[in-house]
>>> print(open('my_file.pdb').read())   # PDB, C-alpha atoms, pLDDT in the B column
ATOM      1  CA  MET A   1      30.078   9.857 -48.442  1.00 58.00           C
ATOM      2  CA  LYS A   2      27.321  12.453 -48.512  1.00 65.00           C
ATOM      3  CA  ASN A   3      24.659   9.756 -47.823  1.00 67.00           C
ATOM      4  CA  LEU A   4      26.729   8.419 -44.900  1.00 62.00           C
ATOM      5  CA  SER A   5      26.896  11.891 -43.317  1.00 68.00           C
ATOM      6  CA  LYS A   6      23.130  12.296 -43.635  1.00 66.00           C
ATOM      7  CA  ALA A   7      22.558   8.848 -42.086  1.00 66.00           C
ATOM      8  CA  VAL A   8      24.844   9.628 -39.124  1.00 62.00           C
ATOM      9  CA  LEU A   9      23.179  13.006 -38.592  1.00 64.00           C
ATOM     10  CA  ALA A  10      19.723  11.401 -38.718  1.00 64.00           C
ATOM     11  CA  ALA A  11      20.811   8.703 -36.230  1.00 63.00           C
ATOM     12  CA  LEU A  12      22.094  11.374 -33.809  1.00 59.00           C
ATOM     13  CA  VAL A  13      18.815  13.309 -33.990  1.00 61.00           C
ATOM     14  CA  VAL A  14      16.773  10.160 -33.371  1.00 60.00           C
ATOM     15  CA  ALA A  15      19.040   9.009 -30.494  1.00 59.00           C
ATOM     16  CA  SER A  16      18.847  12.384 -28.743  1.00 57.00           C
ATOM     17  CA  SER A  17      15.051  12.344 -28.919  1.00 56.00           C
ATOM     18  CA  PHE A  18      14.939   8.981 -27.036  1.00 52.00           C
ATOM     19  CA  THR A  19      16.578  10.447 -23.937  1.00 48.00           C
ATOM     20  CA  ALA A  20      14.407  13.568 -24.154  1.00 48.00           C
ATOM     21  CA  CYS A  21      11.271  11.389 -23.732  1.00 52.00           C
ATOM     22  CA  LYS A  22      12.448  10.081 -20.370  1.00 54.00           C
ATOM     23  CA  LYS A  23      10.364  11.885 -17.723  1.00 60.00           C
ATOM     24  CA  GLY A  24      11.232  10.078 -14.495  1.00 59.00           C
ATOM     25  CA  ASP A  25      14.352   8.604 -12.907  1.00 63.00           C
ATOM     26  CA  GLU A  26      13.075   5.045 -13.338  1.00 60.00           C
ATOM     27  CA  ASP A  27      11.587   5.494 -16.805  1.00 61.00           C
ATOM     28  CA  PRO A  28      13.233   3.388 -19.501  1.00 62.00           C
ATOM     29  CA  GLY A  29      15.290   5.215 -22.119  1.00 62.00           C
ATOM     30  CA  PHE A  30      13.122   3.810 -24.898  1.00 63.00           C
ATOM     31  CA  THR A  31       9.709   2.183 -24.779  1.00 62.00           C
ATOM     32  CA  LEU A  32       6.747   1.852 -27.093  1.00 65.00           C
ATOM     33  CA  LYS A  33       4.313   2.230 -24.178  1.00 66.00           C
ATOM     34  CA  SER A  34       3.438   5.504 -22.477  1.00 72.00           C
ATOM     35  CA  ARG A  35       3.829   5.947 -18.714  1.00 69.00           C
ATOM     36  CA  LYS A  36       0.068   5.512 -18.369  1.00 74.00           C
ATOM     37  CA  GLY A  37       0.227   2.418 -20.565  1.00 76.00           C
ATOM     38  CA  ARG A  38       2.972   0.869 -18.412  1.00 75.00           C
ATOM     39  CA  LEU A  39       0.995   1.484 -15.202  1.00 80.00           C
ATOM     40  CA  SER A  40      -2.401   0.399 -16.577  1.00 86.00           C
ATOM     41  CA  GLN A  41      -2.730  -3.250 -15.627  1.00 89.00           C
ATOM     42  CA  GLU A  42      -3.412  -5.495 -12.628  1.00 93.00           C
ATOM     43  CA  TRP A  43      -0.808  -5.348  -9.873  1.00 93.00           C
ATOM     44  CA  LYS A  44      -0.386  -7.759  -6.958  1.00 94.00           C
ATOM     45  CA  VAL A  45       0.618  -6.036  -3.704  1.00 94.00           C
ATOM     46  CA  ALA A  46       3.586  -7.928  -2.223  1.00 94.00           C
ATOM     47  CA  ASN A  47       4.295  -5.732   0.818  1.00 96.00           C
ATOM     48  CA  TYR A  48       2.198  -3.171   2.668  1.00 96.00           C
ATOM     49  CA  SER A  49       2.576  -1.308   5.958  1.00 97.00           C
ATOM     50  CA  SER A  50       0.689   1.418   7.774  1.00 97.00           C
ATOM     51  CA  GLU A  51       0.662   3.018  11.199  1.00 98.00           C
ATOM     52  CA  ILE A  52      -2.352   4.909  12.525  1.00 98.00           C
ATOM     53  CA  THR A  53      -2.473   6.765  15.849  1.00 98.00           C
ATOM     54  CA  ASP A  54      -5.863   7.584  17.399  1.00 97.00           C
ATOM     55  CA  VAL A  55      -6.021   9.786  20.513  1.00 96.00           C
ATOM     56  CA  THR A  56      -9.290  10.250  22.433  1.00 95.00           C
ATOM     57  CA  THR A  57      -9.699  12.529  25.464  1.00 94.00           C
ATOM     58  CA  THR A  58     -12.752  12.179  27.704  1.00 91.00           C
ATOM     59  CA  ASN A  59     -13.578  15.233  29.829  1.00 89.00           C
ATOM     60  CA  GLY A  60     -15.010  13.701  32.955  1.00 83.00           C
ATOM     61  CA  THR A  61     -13.911  13.191  36.506  1.00 83.00           C
ATOM     62  CA  PRO A  62     -11.117  12.358  36.051  1.00 88.00           C
ATOM     63  CA  THR A  63     -10.136  13.369  32.511  1.00 91.00           C
ATOM     64  CA  THR A  64      -8.813  10.316  30.660  1.00 93.00           C
ATOM     65  CA  THR A  65      -6.794   9.958  27.506  1.00 95.00           C
ATOM     66  CA  SER A  66      -6.800   6.832  25.361  1.00 96.00           C
ATOM     67  CA  THR A  67      -4.183   6.341  22.670  1.00 97.00           C
ATOM     68  CA  ASP A  68      -4.356   3.504  20.127  1.00 97.00           C
ATOM     69  CA  VAL A  69      -1.425   2.910  17.786  1.00 98.00           C
ATOM     70  CA  THR A  70      -2.366   0.414  15.066  1.00 98.00           C
ATOM     71  CA  THR A  71       0.446  -1.035  12.944  1.00 98.00           C
ATOM     72  CA  THR A  72      -0.613  -3.220  10.019  1.00 97.00           C
ATOM     73  CA  THR A  73       1.806  -5.124   7.783  1.00 97.00           C
ATOM     74  CA  TYR A  74       1.321  -7.547   4.922  1.00 97.00           C
ATOM     75  CA  SER A  75       4.425  -9.331   3.690  1.00 96.00           C
ATOM     76  CA  GLY A  76       3.866 -11.926   0.997  1.00 93.00           C
ATOM     77  CA  ASN A  77       0.829 -13.794   2.269  1.00 95.00           C
ATOM     78  CA  THR A  78       1.425 -13.066   5.995  1.00 97.00           C
ATOM     79  CA  ALA A  79      -0.797 -10.456   7.677  1.00 97.00           C
ATOM     80  CA  THR A  80      -0.123  -8.891  11.087  1.00 98.00           C
ATOM     81  CA  MET A  81      -2.060  -6.165  12.903  1.00 98.00           C
ATOM     82  CA  LYS A  82      -0.743  -4.885  16.232  1.00 98.00           C
ATOM     83  CA  VAL A  83      -2.752  -2.450  18.381  1.00 98.00           C
ATOM     84  CA  VAL A  84      -1.089  -0.864  21.414  1.00 98.00           C
ATOM     85  CA  SER A  85      -3.783   0.775  23.575  1.00 97.00           C
ATOM     86  CA  THR A  86      -2.812   3.064  26.458  1.00 96.00           C
ATOM     87  CA  THR A  87      -5.371   4.648  28.798  1.00 94.00           C
ATOM     88  CA  SER A  88      -4.341   7.139  31.465  1.00 93.00           C
ATOM     89  CA  GLY A  89      -5.903   9.670  33.777  1.00 89.00           C
ATOM     90  CA  GLY A  90      -6.478  10.311  37.474  1.00 85.00           C
ATOM     91  CA  GLY A  91      -3.206   8.662  38.452  1.00 87.00           C
ATOM     92  CA  PHE A  92      -4.097   5.494  36.533  1.00 88.00           C
ATOM     93  CA  SER A  93      -2.358   4.096  33.454  1.00 92.00           C
ATOM     94  CA  ALA A  94      -2.811   0.794  31.624  1.00 94.00           C
ATOM     95  CA  THR A  95      -1.428  -0.587  28.365  1.00 96.00           C
ATOM     96  CA  THR A  96      -2.813  -3.488  26.352  1.00 97.00           C
ATOM     97  CA  THR A  97      -1.205  -4.941  23.230  1.00 98.00           C
ATOM     98  CA  THR A  98      -3.372  -6.936  20.832  1.00 98.00           C
ATOM     99  CA  THR A  99      -1.623  -8.796  18.006  1.00 98.00           C
ATOM    100  CA  THR A 100      -3.767 -10.366  15.288  1.00 98.00           C
ATOM    101  CA  THR A 101      -2.218 -12.639  12.645  1.00 98.00           C
ATOM    102  CA  GLY A 102      -3.528 -14.213   9.490  1.00 98.00           C
ATOM    103  CA  THR A 103      -3.167 -14.764   5.780  1.00 97.00           C
ATOM    104  CA  VAL A 104      -3.438 -12.396   2.816  1.00 97.00           C
ATOM    105  CA  THR A 105      -5.675 -14.319   0.412  1.00 95.00           C
ATOM    106  CA  ASP A 106      -5.635 -11.570  -2.237  1.00 95.00           C
ATOM    107  CA  TYR A 107      -4.404  -7.998  -2.462  1.00 96.00           C
ATOM    108  CA  SER A 108      -4.524  -6.644  -5.984  1.00 96.00           C
ATOM    109  CA  MET A 109      -4.947  -3.265  -7.650  1.00 95.00           C
ATOM    110  CA  ILE A 110      -6.087  -2.538 -11.181  1.00 95.00           C
ATOM    111  CA  PHE A 111      -5.182   0.750 -12.859  1.00 93.00           C
ATOM    112  CA  GLU A 112      -7.179   1.581 -15.984  1.00 91.00           C
ATOM    113  CA  LYS A 113      -6.059   3.873 -18.803  1.00 88.00           C
ATOM    114  CA  ASP A 114      -9.181   6.007 -18.291  1.00 91.00           C
ATOM    115  CA  GLY A 115      -7.762   7.191 -14.935  1.00 90.00           C
ATOM    116  CA  THR A 116      -9.779   4.929 -12.631  1.00 94.00           C
ATOM    117  CA  TRP A 117      -8.455   2.313 -10.228  1.00 95.00           C
ATOM    118  CA  SER A 118      -9.927  -0.467  -8.114  1.00 97.00           C
ATOM    119  CA  SER A 119      -8.517  -2.773  -5.472  1.00 97.00           C
ATOM    120  CA  THR A 120      -9.519  -5.962  -3.708  1.00 97.00           C
ATOM    121  CA  LYS A 121      -8.042  -6.996  -0.373  1.00 96.00           C
ATOM    122  CA  ILE A 122      -9.010 -10.285   1.290  1.00 97.00           C
ATOM    123  CA  ILE A 123      -7.480 -11.046   4.686  1.00 97.00           C
ATOM    124  CA  LYS A 124      -8.257 -14.158   6.741  1.00 98.00           C
ATOM    125  CA  TRP A 125      -7.457 -13.519  10.426  1.00 98.00           C
ATOM    126  CA  THR A 126      -6.642 -16.752  12.283  1.00 98.00           C
ATOM    127  CA  SER A 127      -5.193 -15.860  15.711  1.00 98.00           C
ATOM    128  CA  GLN A 128      -5.272 -13.055  18.264  1.00 98.00           C
ATOM    129  CA  THR A 129      -3.052 -12.561  21.328  1.00 98.00           C
ATOM    130  CA  VAL A 130      -3.990  -9.995  24.000  1.00 97.00           C
ATOM    131  CA  GLN A 131      -1.284  -8.884  26.425  1.00 97.00           C
ATOM    132  CA  GLY A 132      -2.190  -6.760  29.431  1.00 92.00           C
ATOM    133  CA  THR A 133      -1.963  -7.887  33.029  1.00 90.00           C
ATOM    134  CA  THR A 134      -2.219 -11.420  31.588  1.00 95.00           C
ATOM    135  CA  THR A 135      -1.625 -12.903  28.137  1.00 96.00           C
ATOM    136  CA  GLN A 136      -4.330 -14.791  26.281  1.00 97.00           C
ATOM    137  CA  THR A 137      -4.392 -16.243  22.773  1.00 97.00           C
ATOM    138  CA  PHE A 138      -7.601 -16.907  20.879  1.00 96.00           C
ATOM    139  CA  PRO A 139      -8.195 -18.705  17.580  1.00 97.00           C
ATOM    140  CA  LEU A 140     -10.044 -16.665  14.971  1.00 97.00           C
ATOM    141  CA  ASP A 141     -11.870 -17.497  11.777  1.00 97.00           C
ATOM    142  CA  VAL A 142     -12.634 -14.058  10.358  1.00 97.00           C
ATOM    143  CA  THR A 143     -12.322 -13.128   6.693  1.00 97.00           C
ATOM    144  CA  ILE A 144     -12.510  -9.443   5.745  1.00 97.00           C
ATOM    145  CA  THR A 145     -12.943  -8.395   2.122  1.00 98.00           C
ATOM    146  CA  THR A 146     -12.314  -4.747   1.237  1.00 97.00           C
ATOM    147  CA  ASN A 147     -13.114  -3.336  -2.212  1.00 98.00           C
ATOM    148  CA  SER A 148     -11.992   0.204  -3.027  1.00 97.00           C
ATOM    149  CA  SER A 149     -11.965   2.394  -6.109  1.00 98.00           C
ATOM    150  CA  GLY A 150     -11.042   5.886  -7.164  1.00 97.00           C
ATOM    151  CA  ILE A 151      -9.338   8.115  -9.697  1.00 95.00           C
ATOM    152  CA  TRP A 152      -5.588   8.274 -10.323  1.00 89.00           C
ATOM    153  CA  TYR A 153      -3.372  10.693 -12.229  1.00 85.00           C
ATOM    154  CA  PHE A 154       0.261  11.709 -12.520  1.00 77.00           C
ATOM    155  CA  THR A 155       1.234  14.846 -10.609  1.00 75.00           C
TER     156      THR A 155
END
>>> encode(input="my_file.pdb", output="structure tokens")
Amino acid sequence: MKNLSKAVLAALVVASSFTACKKGDEDPGFTLKSRKGRLSQEWKVANYSSEITDVTTTNGTPTTTSTDVTTTTYSGNTATMKVVSTTSGGGFSATTTTTTTGTVTDYSMIFEKDGTWSSTKIIKWTSQTVQGTTTQTFPLDVTITTNSSGIWYFT
């Protein structure tokens, strides 16, 4: 009976320490790998989106303002980049929308245990449609490869 009590007490101590190791909401209750060890590997990016707004003002006669809003999305292997350009000034205003489509050939990131990361993104753009006063579509055959690297850490 005395051995059984010690075994139960030891099991309770061990079980309570498993939940105490959990640092984040999505961390598993028990794992043999550290958080850094679980992140350190090659990852394939399945979905990506960004929106960038660029505003340029030219002080001339008249003063003009150009605004470009670039929305880029990658979903699976489909790539889309949409740029809405608006220029105004001196009673004049014009908007042009350029939509470029293509294929994501590769988008992967590698996180190393030493705190470094690297990524490779290869996009093949195949078509571009420009809408302004008229609409025109052009075939493209442009492949852009982007390699990036840096340092990562947990905050």
>>> residues_around(input="my_file.pdb", residues="Lys121 in chain A", least_positions_apart="2", cutoff="10 Å", atoms="all atoms listed in the file", output="VMD selection string")
chain A and resid 45 104 to 109 119 123 144 to 148
>>> write_last_selection(input="my_file.pdb", atoms="C-alpha atoms", output="mmCIF file, keeping the file's coordinate frame")
data_model
loop_
_atom_site.group_PDB
_atom_site.id
_atom_site.type_symbol
_atom_site.label_atom_id
_atom_site.label_comp_id
_atom_site.auth_asym_id
_atom_site.auth_seq_id
_atom_site.Cartn_x
_atom_site.Cartn_y
_atom_site.Cartn_z
ATOM 1 C CA VAL A 45 0.618 -6.036 -3.704
ATOM 2 C CA VAL A 104 -3.438 -12.396 2.816
ATOM 3 C CA THR A 105 -5.675 -14.319 0.412
ATOM 4 C CA ASP A 106 -5.635 -11.570 -2.237
ATOM 5 C CA TYR A 107 -4.404 -7.998 -2.462
ATOM 6 C CA SER A 108 -4.524 -6.644 -5.984
ATOM 7 C CA MET A 109 -4.947 -3.265 -7.650
ATOM 8 C CA SER A 119 -8.517 -2.773 -5.472
ATOM 9 C CA ILE A 123 -7.480 -11.046 4.686
ATOM 10 C CA ILE A 144 -12.510 -9.443 5.745
ATOM 11 C CA THR A 145 -12.943 -8.395 2.122
ATOM 12 C CA THR A 146 -12.314 -4.747 1.237
ATOM 13 C CA ASN A 147 -13.114 -3.336 -2.212
ATOM 14 C CA SER A 148 -11.992 0.204 -3.027
#
>>> resolve_selection(input="my_file.pdb", expression="the PyMOL selection byres ((chain A and resi 36) around 10)", output="number ranges by chain")
A: 33-35, 37-41, 111-115, 153-154
>>> resolve_selection(input="my_file.pdb", expression="the PyMOL selection byres ((chain A and resi 63) around 12)", output="list in words")
Thr56, Thr57, Thr58, Asn59, Gly60, Thr61, Pro62, Thr64, Thr65, Ser66, Thr87, Ser88, Gly89, Gly90, Gly91 and Phe92 of chain A
>>> atom_distance(input="my_file.pdb", atom1="CA of Thr67 in chain A", atom2="CA of Gly132 in chain A")
14.9 Å
>>> residues_around(input="my_file.pdb", residues="Thr99 in chain A", least_positions_apart="2", cutoff="8 Å", atoms="only C-alpha atoms", output="PDB file with C-alpha atoms, in the coordinates of the input")
ATOM      1  CA  THR A  80      -0.123  -8.891  11.087  1.00 98.00           C
ATOM      2  CA  MET A  81      -2.060  -6.165  12.903  1.00 98.00           C
ATOM      3  CA  LYS A  82      -0.743  -4.885  16.232  1.00 98.00           C
ATOM      4  CA  VAL A  83      -2.752  -2.450  18.381  1.00 98.00           C
ATOM      5  CA  THR A  97      -1.205  -4.941  23.230  1.00 98.00           C
ATOM      6  CA  THR A 101      -2.218 -12.639  12.645  1.00 98.00           C
ATOM      7  CA  GLN A 128      -5.272 -13.055  18.264  1.00 98.00           C
ATOM      8  CA  THR A 129      -3.052 -12.561  21.328  1.00 98.00           C
ATOM      9  CA  VAL A 130      -3.990  -9.995  24.000  1.00 97.00           C
TER      10      VAL A 130
END
>>> residues_around(input="my_file.pdb", residues="Ala46 in chain A", least_positions_apart="6", cutoff="9 Å", atoms="only C-alpha atoms", output="list in words")
Tyr74, Ser75, Gly76, Asn77 and Tyr107 of chain A
>>> residues_around(input="my_file.pdb", residues="Ser49 in chain A", least_positions_apart="4", cutoff="8 Å", atoms="only C-alpha atoms", output="MDAnalysis selection string")
chainID A and resid 71:74
>>> closest_residue(input="my_file.pdb", among="A:Thr78, A:Ser149, A:Thr103, A:Ser85", to="Ile122 in chain A", atoms="all atoms listed in the file")
A:Thr103
>>> atom_distance(input="my_file.pdb", atom1="CA of Ser127 in chain A", atom2="CA of Gly102 in chain A")
6.6 Å
>>> closest_residue(input="my_file.pdb", among="A:Ile110, A:Leu140, A:Ile52, A:Val69", to="Trp152 in chain A", atoms="only C-alpha atoms")
A:Ile110
>>> atom_distance(input="my_file.pdb", atom1="CA of Thr137 in chain A", atom2="CA of Thr70 in chain A")
18.5 Å
>>> axis_aligned_box(input="my_file.pdb", around="range 86-90 of chain A", padding_each_side="8 Å", output="lines of an AutoDock Vina configuration file")
center_x = -4.6
center_y = 6.7
center_z = 32.0
size_x = 19.7
size_y = 23.2
size_z = 27.0
>>> residues_around(input="my_file.pdb", residues="Asp141 in chain A", least_positions_apart="3", cutoff="9 Å", atoms="all atoms listed in the file", output="list in words")
Lys124, Trp125, Thr126 and Ser127 of chain A
>>> write_last_selection(input="my_file.pdb", atoms="C-alpha atoms", output="PDB file, keeping the file's coordinate frame")
ATOM      1  CA  LYS A 124      -8.257 -14.158   6.741  1.00 98.00           C
ATOM      2  CA  TRP A 125      -7.457 -13.519  10.426  1.00 98.00           C
ATOM      3  CA  THR A 126      -6.642 -16.752  12.283  1.00 98.00           C
ATOM      4  CA  SER A 127      -5.193 -15.860  15.711  1.00 98.00           C
TER       5      SER A 127
END
